[in-house]
Amino acid sequence: MALTVNSMDSISMHEKIHRRSGHIAVMYKNWLIVWGGYVDHMQETSTSQIQSAYHYTDELWIYDCLSELWERVLTKGDIPPRNSGSCGVLHEDCLYIFGGFHGQTEPGSMDGNSNQLFRLHLCTMTWEWLHPTGEQPTPCDKLAGWVYNNKLYFFGGFGPQPDFGAPFQHVVDPSTELSGWPRGWNNQLVVYNPATDEWEWPRTRGTIPSPRAAHAADITGHKVFVFGGRIGNTRNNDLHCLDLDKMRWSGNLTRPFELNPEGRSWHSFTFITESRAVLYGGLNQFNTVLSDCWFLDLVPSLRWYRFRHRYPKPRLWHKAQFVPVSGDLLIMGGHRANILDPVGRTDHAEEMLVINFTPKSLLRLCLDAVLMYEEQLRAEWNWLPQNLQNVLNARLDQC
């Protein structure tokens with residue numbers, strides 16, 4: 001998806017926070033950090049053209065999960081190019097951004113898939129453009145990543161055809177063959193080692209998953225699970241596990257004739273305990289945006305369960321993060337309608353979806369109640385401690 005419009009001047013704060021797809025979101029302590037991605041909106045002209053704009057990459061939007069407030073933070077240093085579909089992983093006090101797709105937004109800017117790697121030092125909010133040694137990974141977007149034993153792992157994605165002899169599979173998208181720049185799906189597994197600043201290519205045993213993009217993955221203990229994704233015209237519902245101690249792939253763990261989620265891409269898959277993950281939304285084989293929610297339980301045996309939450313909302317190309325301190329699953333951004341349909345392109349999410357897996361604290365319940373009955377209680381706010389008044393006023397402003 002090529003994006004050509006760069007201006008974000010007419011977009012409100014609310015839109016800058018929520019109306020984004022192809023972004024990254026990570027948990028850092030008690031904060032949700034949101035970065036990058038793009039927004040589509042309808043241009044008010046006689047032809048009603050759709051404008052696409054990348055979000056600024058010199059800023060972070062940070063959500064305090066305790067006060068439930070958003071804050072914009074500016075960064076400095078080697079600011080990454082604006083992009084969508086990159087992979088963001090957190091290691092210690094640093095946010096790493098790898099890959100993505102860069103539309104040509106200004107003369108001389110990058111156009112196409114990237115294999116660039118950037119590191120944001122969160123203590124100083126300073127970006128650093130890394131140039132690791134070793135065999136470089138193929139440029140791609142819509143990939144998955146995780147951290148294990150102080151190394152960053154990246155798997156799969158969509159991008160240009162690699163050079164002959166690449167240590168992974170690549171399947172060309174037929175719709176790109178005549179463009180002179182064939183692109184397609186890959187199953188590369190590449191590792192960045194921060195200690196040596198080099199790329200590593202681990203050897204694995206077992207059956208490696210087929211090439212794919214817009215899949216989802218998460219890690220628990222020494223095992224990472226990969227679910228779904230697209231290759232060609234197929235959106236898969238296969239589940240794979242990589243044992244990172246033995247570097248062995250499990251093969252497809254989805255059992256036929258059992259209750260399983262349908263195939264999808266652009267979904268989220270997030271562990272909320274060591275043995276339970278949550279699958280949410282995505283785009284299915286029939287281009288329907290999904291709002292279903294599933295548990296994957298690893299014990300006593302691997303099994304899927306359908307979870308029916310109170311407020312199902314369609315989402316695709318969103319991000320999900322679990323907040324241990326509050327027991328909330330935060331589903332951030334994404335589209336509410338089919339992103340491949342021109343009518344649905346501008347239908348971004350307008351709010352963050354929160355699924356509570358534990359009861360809210362008494363403080364959060366009281367703050368919610370005070371805001372709900374703000375008209376009746378506003379005259380009494382002066383009796384509250386100043387820090388609570390500040391939180392209430394800030395939340396009211398952001399509403």
# chains A, B, ... in the order shown; residues from 1 in each chain; ligands from 1
$ residues_around --residues "range 365-372 of chain A" --least-positions-apart "5" --cutoff "9 Å" --atoms "only C-alpha atoms" --output "ChimeraX atom specification"
/A:360,377-378,381,388,391-392,395-396
$ residues_around --residues "Tyr192 in chain A" --least-positions-apart "6" --cutoff "10 Å" --atoms "only C-alpha atoms" --output "compact mmCIF listing (two decimals) with N, CA, C and O atoms, in the first residue's frame"
# COMPACT_ATOMS: atom_id res chain seq x y z
N LEU A 117 17.22 -0.73 10.80
CA LEU A 117 17.03 -1.01 12.22
C LEU A 117 17.37 0.24 13.02
O LEU A 117 18.45 0.80 12.87
N PRO A 132 24.10 -2.95 11.65
CA PRO A 132 24.71 -4.21 12.08
C PRO A 132 25.56 -4.86 10.99
O PRO A 132 25.30 -4.70 9.79
N THR A 133 26.57 -5.59 11.40
CA THR A 133 27.36 -6.38 10.47
C THR A 133 26.65 -7.71 10.21
O THR A 133 25.62 -8.01 10.81
N GLY A 134 27.21 -8.50 9.32
CA GLY A 134 26.63 -9.79 8.98
C GLY A 134 25.73 -9.71 7.77
O GLY A 134 25.47 -8.63 7.22
N PRO A 137 19.18 -8.91 6.46
CA PRO A 137 17.87 -9.50 6.18
C PRO A 137 17.22 -8.82 4.99
O PRO A 137 17.57 -7.70 4.62
N VAL A 147 11.68 -10.95 21.78
CA VAL A 147 12.99 -10.91 22.41
C VAL A 147 13.17 -12.15 23.27
O VAL A 147 12.25 -12.55 24.00
N ASN A 150 18.22 -11.81 25.47
CA ASN A 150 18.90 -10.58 25.06
C ASN A 150 19.16 -10.49 23.56
O ASN A 150 20.03 -9.74 23.12
N LYS A 151 18.40 -11.22 22.77
CA LYS A 151 18.49 -11.13 21.32
C LYS A 151 17.11 -10.85 20.73
O LYS A 151 16.09 -11.26 21.29
N LEU A 152 17.09 -10.14 19.59
CA LEU A 152 15.85 -9.76 18.92
C LEU A 152 15.61 -10.69 17.74
O LEU A 152 16.48 -10.83 16.87
N TYR A 153 14.44 -11.30 17.71
CA TYR A 153 14.07 -12.24 16.64
C TYR A 153 13.00 -11.59 15.75
O TYR A 153 12.06 -10.97 16.25
N PHE A 154 13.14 -11.79 14.43
CA PHE A 154 12.15 -11.30 13.48
C PHE A 154 11.79 -12.43 12.53
O PHE A 154 12.68 -13.13 12.01
N GLU A 198 25.34 -7.32 15.40
CA GLU A 198 25.39 -8.07 14.15
C GLU A 198 24.12 -8.89 13.96
O GLU A 198 23.41 -9.20 14.91
N TRP A 199 23.86 -9.18 12.69
CA TRP A 199 22.76 -10.07 12.33
C TRP A 199 23.24 -11.52 12.41
O TRP A 199 24.34 -11.84 11.99
N GLU A 200 22.36 -12.37 12.94
CA GLU A 200 22.65 -13.80 13.01
C GLU A 200 21.52 -14.56 12.33
O GLU A 200 20.36 -14.12 12.35
N TRP A 201 21.86 -15.70 11.74
CA TRP A 201 20.89 -16.53 11.04
C TRP A 201 20.88 -17.91 11.70
O TRP A 201 21.66 -18.78 11.33
$ select_by_dssp --residues "range 114-334 of chain A" --states "strand (DSSP E)" --output "PyMOL selection string"
chain A and resi 117-121+126-130+144-148+151-160+170-172+183-193+198-200+216-220+223-231+234-243+248-249+264-265+268-273+276-284+289-297+303-307+319-323+328-332
$ residues_around --residues "Arg72 in chain A" --least-positions-apart "3" --cutoff "8 Å" --atoms "only C-alpha atoms" --output "VMD selection string"
chain A and resid 59 to 62
$ select_by_dssp --residues "range 118-360 of chain A" --states "helix (DSSP H, G or I)" --output "VMD selection string"
chain A and resid 174 to 179
$ write_last_selection --atoms "C-alpha atoms" --output "short mmCIF file (atom, residue, chain, number, x, y, z; two decimals), in the first residue's frame"
data_model
loop_
_atom_site.label_atom_id
_atom_site.label_comp_id
_atom_site.auth_asym_id
_atom_site.auth_seq_id
_atom_site.Cartn_x
_atom_site.Cartn_y
_atom_site.Cartn_z
CA PRO A 174 1.70 -12.59 -8.99
CA SER A 175 0.14 -9.12 -8.98
CA THR A 176 3.63 -7.59 -8.64
CA GLU A 177 5.47 -9.60 -11.30
CA LEU A 178 4.82 -7.14 -14.15
CA SER A 179 5.78 -4.11 -12.09
#
$ atom_distance --atom1 "CA of Thr220 in chain A" --atom2 "CA of Phe158 in chain A"
25.4 Å
$ closest_atom_pairs --of "range 125-236 of chain A" --to "range 264-279 of chain A" --cutoff "9 Å" --atoms "only C-alpha atoms" --output "JSON lines"
{"residue": "A:Lys142", "atom": "CA", "partner": "A:Trp266", "partner_atom": "CA", "distance": 8.3}
{"residue": "A:Ala213", "atom": "CA", "partner": "A:Ser265", "partner_atom": "CA", "distance": 7.7}
{"residue": "A:Ala214", "atom": "CA", "partner": "A:Trp266", "partner_atom": "CA", "distance": 4.8}
{"residue": "A:His215", "atom": "CA", "partner": "A:Ser265", "partner_atom": "CA", "distance": 5.6}
{"residue": "A:Ala216", "atom": "CA", "partner": "A:Phe269", "partner_atom": "CA", "distance": 5.6}
{"residue": "A:Ala217", "atom": "CA", "partner": "A:Phe269", "partner_atom": "CA", "distance": 6.0}
{"residue": "A:Asp218", "atom": "CA", "partner": "A:Thr270", "partner_atom": "CA", "distance": 5.9}
{"residue": "A:Ile219", "atom": "CA", "partner": "A:Phe271", "partner_atom": "CA", "distance": 7.3}
{"residue": "A:Thr220", "atom": "CA", "partner": "A:Glu274", "partner_atom": "CA", "distance": 5.6}
{"residue": "A:Gly221", "atom": "CA", "partner": "A:Glu274", "partner_atom": "CA", "distance": 7.1}
{"residue": "A:Phe225", "atom": "CA", "partner": "A:Phe269", "partner_atom": "CA", "distance": 8.8}
{"residue": "A:Val226", "atom": "CA", "partner": "A:Phe269", "partner_atom": "CA", "distance": 8.3}
{"residue": "A:Phe227", "atom": "CA", "partner": "A:Phe269", "partner_atom": "CA", "distance": 7.5}
{"residue": "A:Gly228", "atom": "CA", "partner": "A:Arg264", "partner_atom": "CA", "distance": 5.8}
{"residue": "A:Gly229", "atom": "CA", "partner": "A:Ser265", "partner_atom": "CA", "distance": 4.4}
{"residue": "A:Arg230", "atom": "CA", "partner": "A:Ser265", "partner_atom": "CA", "distance": 5.8}
{"residue": "A:Thr234", "atom": "CA", "partner": "A:Arg264", "partner_atom": "CA", "distance": 8.6}
{"residue": "A:Arg235", "atom": "CA", "partner": "A:Arg264", "partner_atom": "CA", "distance": 4.9}
{"residue": "A:Asn236", "atom": "CA", "partner": "A:Arg264", "partner_atom": "CA", "distance": 5.8}
$ write_last_selection --atoms "C-alpha atoms" --output "JSON list (two decimals), in the first residue's frame"
[["chain", "number", "residue", "atom", "x", "y", "z"],
["A", 142, "LYS", "CA", 3.96, -6.86, 8.23],
["A", 213, "ALA", "CA", 2.82, -11.76, 6.35],
["A", 214, "ALA", "CA", 0.34, -9.98, 8.63],
["A", 215, "HIS", "CA", 0.63, -12.88, 11.06],
["A", 216, "ALA", "CA", 0.93, -12.53, 14.85],
["A", 217, "ALA", "CA", 3.33, -14.00, 17.39],
["A", 218, "ASP", "CA", 4.08, -13.82, 21.11],
["A", 219, "ILE", "CA", 6.48, -15.48, 23.50],
["A", 220, "THR", "CA", 5.97, -17.27, 26.80],
["A", 221, "GLY", "CA", 8.97, -18.70, 28.61],
["A", 225, "PHE", "CA", 3.83, -19.16, 19.12],
["A", 226, "VAL", "CA", 2.97, -17.93, 15.61],
["A", 227, "PHE", "CA", -0.63, -17.88, 14.38],
["A", 228, "GLY", "CA", -2.21, -17.20, 11.00],
["A", 229, "GLY", "CA", -1.17, -14.70, 8.37],
["A", 230, "ARG", "CA", -1.57, -14.47, 4.63],
["A", 234, "THR", "CA", -5.05, -17.76, 1.62],
["A", 235, "ARG", "CA", -5.40, -16.51, 5.17],
["A", 236, "ASN", "CA", -4.24, -19.32, 7.43]]
$ atom_distance --atom1 "CA of Glu15 in chain A" --atom2 "CA of Gly99 in chain A"
24.5 Å
$ closest_residue --among "A:Val191, A:Leu283, A:Met13, A:Ile50" --to "Asn237 in chain A" --atoms "only C-alpha atoms"
A:Leu283
